[in-house]
Amino acid sequence: MAEKSPRGLADVVAASTSISDIDGLEGRLIYRGYDIHDIAGRISFEECVHLLQRGNLPTQDQLNGLAAELADDRPIGRAVESLLQYVVDSIPMDALRTMVSALAVDDPDTADSSLEANRRKATRLVAQMPVLVARFHAARGGATTPEPDPKLGIAGNFLLQIGGEPPSERVAEIFDECLVLHADHTMNASTFTARVIAATLSDMHSAITGAMGALRGPLHGGANEAVMKTLASIEGDVENVDDFVRAELDAGRKLMGFGHRVYKTEDPRATHLRKMSEELAGLTGDSRYYEMSRRMEQVVLDTKGLYPNVDFFAASVYHALGIPTDLFTPVFAISRMSGWTAHVIEQHEDNRLIRPESEYTGPRDRHWVPVDQR
């Protein structure tokens with residue numbers, strides 16, 4: 001009897017990559033050789049984009065050049081401009097998935113998958129994704145977005161465009177660190193989807209559209225929204241968390257934001273997000289969700305032995321930043337666009353069609369009979 005394949009391709013190596021690595025036992029996340037604990041809060045998201053897409057942390061001249069490219073690449077094109085009115089009432093991830101696909105219509109490099117063209121498309125997609133989210137959010141409220149501030153980076157301009165006011169320097173820094181933390185995570189479901197599509201030698205926009213579809217799911221990018229909805233559903237404050245958690249676990253329901261397929265200890269991204277949640281509680285004067293999160297974290301650890309993952313504290317952080325709950329997953333996509341595009345570039349540079357085998361579990365040795373004899 002053939003050996004059964006692992007469910008969900010667990011522990012199966014599907015590709016080689018130099019972009020990121022995980023040590024699940026030690027709780028380490030590496031971007032091109034840099035430990036996330038070494039660079040989080042120290043490099044900007046723009047520096048992270050350069051690192052993932054182009055291989056190294058940039059010099060000041062390279063960073064200035066990339067910043068100029070990103071500023072020039074913000075316009076989203078006529079196709080998406082005309083489409084926006086038709087998707088404005090959609091679920092945000094549905095609308096954004098559709099608009100990302102439509103970006104290909106006006107991209108001058110759509111049909112070119114050379115390294116140079118892929119890098120140009122990658123930069124455009126990183127620049128355009130926060131604009132898409134902000135424009136969608138404004139349009140559904142019958143508003144328009146403020147003009148971007150040339151003094152602000154991607155993080156600061158996004159907060160400006162969804163909030164209507166420039167963020168404080170520290171708030172912009174916190175969101176910038178969030179984008180770095182979410183930028184890449186090896187062969188997660190959406191990245192694998194992007195690489196499978198790219199491996200057919202399809203174009204970058206097709207691969208990224210597929211990644212968006214994978215990220216939409218509640219077991220992937222949608223988990224951060226689920227965490228916030230859970231916190232908001234608990235009546236009262238921190239004193240009611242214990243009873244809520246135990247009731248959920250006793251009923252066999254899954255608490256989103258805990259456990260990870262790879263990490264056997266604390267997700268290193270959660271370490272940083274916990275600190276940011278605490279700091280934002282102090283800055284905003286509203287510590288309710290931070291305190292509830294800390295209590296829930298402890299109860300789940302004591303009861304189930306599960307550690308929080310990246311989605312858990314991201315929920316209270318994004319809420320404190322004034323980001324609407326249904327935009328949490330789109331914000332994830334703003335960040336992960338840097339990693340997805342890097343993986344598409346890498347796949348095209350050393351391509352082999354990704355074609356795994358499957359384990360057949362259906363009936364055998366059936367024989368056809370005419371329809372009137374069945």
# chains A, B, ... in the order shown; residues from 1 in each chain; ligands from 1

$ residues_around --residues "Val100 in chain A" --least-positions-apart "6" --cutoff "8 Å" --atoms "only C-alpha atoms" --output "list in words"
Met129, His205, Ile208 and Thr209 of chain A

$ residues_around --residues "Pro268 in chain A" --least-positions-apart "4" --cutoff "9 Å" --atoms "only C-alpha atoms" --output "mmCIF file with N, CA and C atoms, in the first residue's frame"
data_model
loop_
_atom_site.group_PDB
_atom_site.id
_atom_site.type_symbol
_atom_site.label_atom_id
_atom_site.label_comp_id
_atom_site.auth_asym_id
_atom_site.auth_seq_id
_atom_site.Cartn_x
_atom_site.Cartn_y
_atom_site.Cartn_z
ATOM 1 N N GLY A 27 10.884 29.729 17.025
ATOM 2 C CA GLY A 27 10.067 30.927 16.876
ATOM 3 C C GLY A 27 10.800 32.058 16.188
ATOM 4 N N ARG A 28 11.443 31.746 15.055
ATOM 5 C CA ARG A 28 12.215 32.757 14.335
ATOM 6 C C ARG A 28 11.656 32.951 12.931
ATOM 7 N N LEU A 29 11.636 34.199 12.486
ATOM 8 C CA LEU A 29 11.252 34.571 11.126
ATOM 9 C C LEU A 29 12.403 35.365 10.533
ATOM 10 N N ILE A 36 13.685 38.869 12.136
ATOM 11 C CA ILE A 36 12.662 39.891 12.252
ATOM 12 C C ILE A 36 12.848 40.728 13.516
ATOM 13 N N HIS A 37 13.395 40.131 14.566
ATOM 14 C CA HIS A 37 13.624 40.898 15.793
ATOM 15 C C HIS A 37 14.722 41.949 15.614
ATOM 16 N N TYR A 263 4.779 27.506 13.789
ATOM 17 C CA TYR A 263 5.406 27.854 15.067
ATOM 18 C C TYR A 263 4.912 26.951 16.190
ATOM 19 N N HIS A 272 6.088 41.517 18.871
ATOM 20 C CA HIS A 272 6.139 42.952 18.569
ATOM 21 C C HIS A 272 4.746 43.577 18.616
ATOM 22 N N ASN A 309 -0.934 34.008 17.584
ATOM 23 C CA ASN A 309 -0.217 34.184 16.331
ATOM 24 C C ASN A 309 -0.318 35.634 15.884
ATOM 25 N N VAL A 310 0.138 35.917 14.692
ATOM 26 C CA VAL A 310 0.227 37.306 14.223
ATOM 27 C C VAL A 310 -1.123 37.999 14.199
#

$ closest_atom_pairs --of "range 266-357 of chain A" --to "range 146-157 of chain A" --cutoff "12 Å" --atoms "only C-alpha atoms" --output "JSON lines"
{"residue": "A:Leu321", "atom": "CA", "partner": "A:Gly156", "partner_atom": "CA", "distance": 11.2}
{"residue": "A:Val331", "atom": "CA", "partner": "A:Ala155", "partner_atom": "CA", "distance": 10.3}
{"residue": "A:Ile334", "atom": "CA", "partner": "A:Ile154", "partner_atom": "CA", "distance": 9.4}
{"residue": "A:Ser335", "atom": "CA", "partner": "A:Ala155", "partner_atom": "CA", "distance": 9.6}

$ residues_around --residues "Glu46 in chain A" --least-positions-apart "4" --cutoff "10 Å" --atoms "only C-alpha atoms" --output "mmCIF file with C-alpha atoms, in the first residue's frame"
data_model
loop_
_atom_site.group_PDB
_atom_site.id
_atom_site.type_symbol
_atom_site.label_atom_id
_atom_site.label_comp_id
_atom_site.auth_asym_id
_atom_site.auth_seq_id
_atom_site.Cartn_x
_atom_site.Cartn_y
_atom_site.Cartn_z
ATOM 1 C CA HIS A 50 13.635 46.766 -1.408
ATOM 2 C CA LEU A 51 15.007 43.905 0.673
ATOM 3 C CA LEU A 57 18.641 46.556 2.302
ATOM 4 C CA PRO A 58 19.012 49.732 0.238
ATOM 5 C CA LEU A 63 15.952 54.126 -0.906
ATOM 6 C CA ASN A 64 15.397 57.611 -2.293
ATOM 7 C CA LEU A 66 12.536 53.542 -4.633
ATOM 8 C CA ALA A 67 10.523 56.156 -2.737
ATOM 9 C CA LEU A 70 6.518 54.400 -5.398
ATOM 10 C CA VAL A 126 3.038 47.853 -3.751
ATOM 11 C CA GLY A 153 5.716 57.046 3.379
ATOM 12 C CA ILE A 154 3.283 54.280 2.487
ATOM 13 C CA ALA A 155 2.207 53.758 6.097
ATOM 14 C CA ASP A 176 4.957 51.059 9.391
ATOM 15 C CA LEU A 179 3.621 46.417 7.486
ATOM 16 C CA VAL A 180 7.165 45.092 7.930
ATOM 17 C CA SER A 338 5.773 43.084 -1.112
#

$ closest_residue --among "A:Ala79, A:Ala270, A:Ala127, A:Ala199" --to "Glu349 in chain A" --atoms "only C-alpha atoms"
A:Ala199

$ closest_residue --among "A:Phe244, A:Phe312, A:Tyr34, A:Tyr307" --to "Gly55 in chain A" --atoms "only C-alpha atoms"
A:Tyr34

$ residues_around --residues "range 102-109 of chain A" --least-positions-apart "6" --cutoff "9 Å" --atoms "only C-alpha atoms" --output "list in words"
Ile76, Gly77, Arg78, Ala79, Val80, Leu83, Ala117, Asn118, Arg120, Lys121, Arg124, Leu125, Gln128, Met204, His205 and Ser206 of chain A

$ write_last_selection --atoms "N, CA and C atoms" --output "compact mmCIF listing (two decimals), in the first residue's frame"
# COMPACT_ATOMS: atom_id res chain seq x y z
N ILE A 76 -3.94 54.64 -10.28
CA ILE A 76 -4.48 53.29 -10.46
C ILE A 76 -5.05 53.02 -11.85
N GLY A 77 -5.06 53.99 -12.73
CA GLY A 77 -5.45 53.74 -14.11
C GLY A 77 -6.94 53.88 -14.36
N ARG A 78 -7.30 54.05 -15.64
CA ARG A 78 -8.69 54.31 -16.01
C ARG A 78 -9.59 53.12 -15.78
N ALA A 79 -9.07 51.91 -15.99
CA ALA A 79 -9.91 50.72 -15.84
C ALA A 79 -10.43 50.59 -14.41
N VAL A 80 -9.55 50.76 -13.45
CA VAL A 80 -9.97 50.65 -12.05
C VAL A 80 -10.82 51.85 -11.64
N LEU A 83 -14.20 51.07 -12.76
CA LEU A 83 -14.74 49.89 -12.10
C LEU A 83 -15.20 50.17 -10.68
N ALA A 117 10.81 44.04 -16.10
CA ALA A 117 9.38 44.35 -16.13
C ALA A 117 8.69 43.87 -14.87
N ASN A 118 9.06 42.69 -14.39
CA ASN A 118 8.46 42.19 -13.15
C ASN A 118 8.77 43.10 -11.97
N ARG A 120 9.30 46.32 -12.14
CA ARG A 120 8.49 47.53 -12.30
C ARG A 120 7.05 47.25 -11.87
N LYS A 121 6.51 46.11 -12.27
CA LYS A 121 5.13 45.77 -11.89
C LYS A 121 5.03 45.57 -10.38
N ARG A 124 4.87 48.91 -8.73
CA ARG A 124 3.55 49.52 -8.94
C ARG A 124 2.50 48.90 -8.03
N LEU A 125 2.49 47.60 -7.93
CA LEU A 125 1.48 46.93 -7.11
C LEU A 125 1.61 47.31 -5.63
N GLN A 128 0.21 50.82 -5.46
CA GLN A 128 -1.21 50.96 -5.78
C GLN A 128 -2.14 50.32 -4.75
N MET A 204 2.16 38.46 -13.63
CA MET A 204 2.19 38.81 -12.22
C MET A 204 0.81 39.18 -11.69
N HIS A 205 0.02 39.94 -12.44
CA HIS A 205 -1.29 40.35 -11.95
C HIS A 205 -2.20 39.13 -11.74
N SER A 206 -2.10 38.14 -12.60
CA SER A 206 -2.89 36.92 -12.41
C SER A 206 -2.47 36.21 -11.13

$ atom_distance --atom1 "CA of Lys229 in chain A" --atom2 "CA of Phe328 in chain A"
11.2 Å

$ closest_residue --among "A:Arg336, A:His367, A:His319, A:His185" --to "Val49 in chain A" --atoms "only C-alpha atoms"
A:Arg336

$ closest_residue --among "A:Cys48, A:Leu115, A:Ala194, A:Leu160" --to "His343 in chain A" --atoms "only C-alpha atoms"
A:Ala194

$ select_by_dssp --residues "range 124-284 of chain A" --states "alpha helix (DSSP H)" --output "CSV table (one decimal) with C-alpha atoms, in the first residue's frame"
chain,number,residue,atom,x,y,z
A,124,ARG,CA,3.5,49.5,-8.9
A,125,LEU,CA,1.5,46.9,-7.1
A,126,VAL,CA,3.0,47.9,-3.8
A,127,ALA,CA,2.3,51.5,-4.5
A,128,GLN,CA,-1.2,51.0,-5.8
A,129,MET,CA,-2.6,48.5,-3.2
A,130,PRO,CA,-2.9,51.1,-0.3
A,131,VAL,CA,-4.5,53.5,-2.8
A,132,LEU,CA,-7.1,50.9,-3.8
A,133,VAL,CA,-8.0,50.2,-0.2
A,134,ALA,CA,-8.3,53.9,0.7
A,135,ARG,CA,-10.2,54.8,-2.5
A,136,PHE,CA,-12.7,51.9,-1.9
A,137,HIS,CA,-13.2,52.9,1.7
A,138,ALA,CA,-13.8,56.6,0.7
A,139,ALA,CA,-16.1,55.7,-2.1
A,140,ARG,CA,-18.4,53.5,0.0
A,154,ILE,CA,3.3,54.3,2.5
A,155,ALA,CA,2.2,53.8,6.1
A,156,GLY,CA,1.6,57.4,6.9
A,157,ASN,CA,-0.2,58.2,3.7
A,158,PHE,CA,-2.5,55.2,4.1
A,159,LEU,CA,-3.5,56.4,7.6
A,160,LEU,CA,-3.9,59.9,6.2
A,161,GLN,CA,-6.2,58.7,3.3
A,162,ILE,CA,-8.5,56.5,5.4
A,163,GLY,CA,-8.6,58.8,8.4
A,169,GLU,CA,4.8,60.5,13.8
A,170,ARG,CA,4.7,57.7,16.4
A,171,VAL,CA,1.4,56.3,15.1
A,172,ALA,CA,2.8,56.2,11.6
A,173,GLU,CA,5.9,54.4,12.8
A,174,ILE,CA,3.8,51.8,14.6
A,175,PHE,CA,1.8,51.1,11.4
A,176,ASP,CA,5.0,51.1,9.4
A,177,GLU,CA,6.3,48.3,11.7
A,178,CYS,CA,3.1,46.4,11.2
A,179,LEU,CA,3.6,46.4,7.5
A,180,VAL,CA,7.2,45.1,7.9
A,181,LEU,CA,6.0,42.3,10.2
A,189,ALA,CA,-1.4,29.6,1.4
A,190,SER,CA,-1.5,32.9,-0.5
A,191,THR,CA,2.1,32.9,-1.5
A,192,PHE,CA,1.9,29.2,-2.6
A,193,THR,CA,-1.1,30.2,-4.7
A,194,ALA,CA,0.8,33.0,-6.3
A,195,ARG,CA,3.8,30.8,-7.1
A,196,VAL,CA,1.6,28.0,-8.5
A,197,ILE,CA,0.0,30.5,-10.9
A,198,ALA,CA,3.4,32.1,-11.7
A,199,ALA,CA,4.8,28.7,-12.4
A,204,MET,CA,2.2,38.8,-12.2
A,205,HIS,CA,-1.3,40.3,-11.9
A,206,SER,CA,-2.9,36.9,-12.4
A,207,ALA,CA,-0.7,35.4,-9.7
A,208,ILE,CA,-1.4,38.3,-7.3
A,209,THR,CA,-5.2,38.1,-8.0
A,210,GLY,CA,-5.0,34.4,-7.0
A,211,ALA,CA,-3.1,35.3,-3.8
A,212,MET,CA,-5.8,37.8,-2.9
A,213,GLY,CA,-8.4,35.1,-3.2
A,214,ALA,CA,-6.4,32.8,-0.9
A,215,LEU,CA,-5.9,35.6,1.6
A,223,ALA,CA,-8.4,35.6,10.9
A,224,ASN,CA,-7.5,39.2,12.1
A,225,GLU,CA,-11.1,40.3,11.4
A,226,ALA,CA,-12.5,37.3,13.3
A,227,VAL,CA,-10.3,38.2,16.3
A,228,MET,CA,-11.7,41.7,16.5
A,229,LYS,CA,-15.2,40.5,16.1
A,230,THR,CA,-14.6,38.1,19.0
A,231,LEU,CA,-13.3,40.8,21.3
A,232,ALA,CA,-16.1,43.1,20.4
A,233,SER,CA,-18.7,40.4,21.1
A,241,VAL,CA,-13.1,37.1,29.3
A,242,ASP,CA,-12.5,33.9,31.3
A,243,ASP,CA,-16.1,32.7,31.2
A,244,PHE,CA,-16.3,33.6,27.5
A,245,VAL,CA,-13.2,31.7,26.5
A,246,ARG,CA,-14.1,28.6,28.5
A,247,ALA,CA,-17.6,28.6,27.1
A,248,GLU,CA,-16.3,28.7,23.6
A,249,LEU,CA,-13.7,25.9,24.2
A,250,ASP,CA,-16.3,23.7,26.0
A,268,PRO,CA,7.8,36.3,16.7
A,269,ARG,CA,5.5,38.8,15.1
A,270,ALA,CA,3.1,38.6,18.0
A,271,THR,CA,5.9,39.6,20.3
A,272,HIS,CA,6.1,43.0,18.6
A,273,LEU,CA,2.4,43.4,18.0
A,274,ARG,CA,1.7,42.8,21.7
A,275,LYS,CA,4.0,45.7,22.6
A,276,MET,CA,2.4,48.0,20.0
A,277,SER,CA,-1.0,47.1,21.3
A,278,GLU,CA,0.1,48.2,24.8
A,279,GLU,CA,1.6,51.4,23.6
A,280,LEU,CA,-1.4,52.3,21.5
A,281,ALA,CA,-3.6,51.7,24.5
A,282,GLY,CA,-1.6,54.3,26.3
A,283,LEU,CA,-1.6,56.8,23.4
A,284,THR,CA,-5.3,56.5,22.8

$ residues_around --residues "Asp237 in chain A" --least-positions-apart "4" --cutoff "9 Å" --atoms "only C-alpha atoms" --output "list in words"
Val241, Arg288, Tyr289, Glu291 and Met292 of chain A
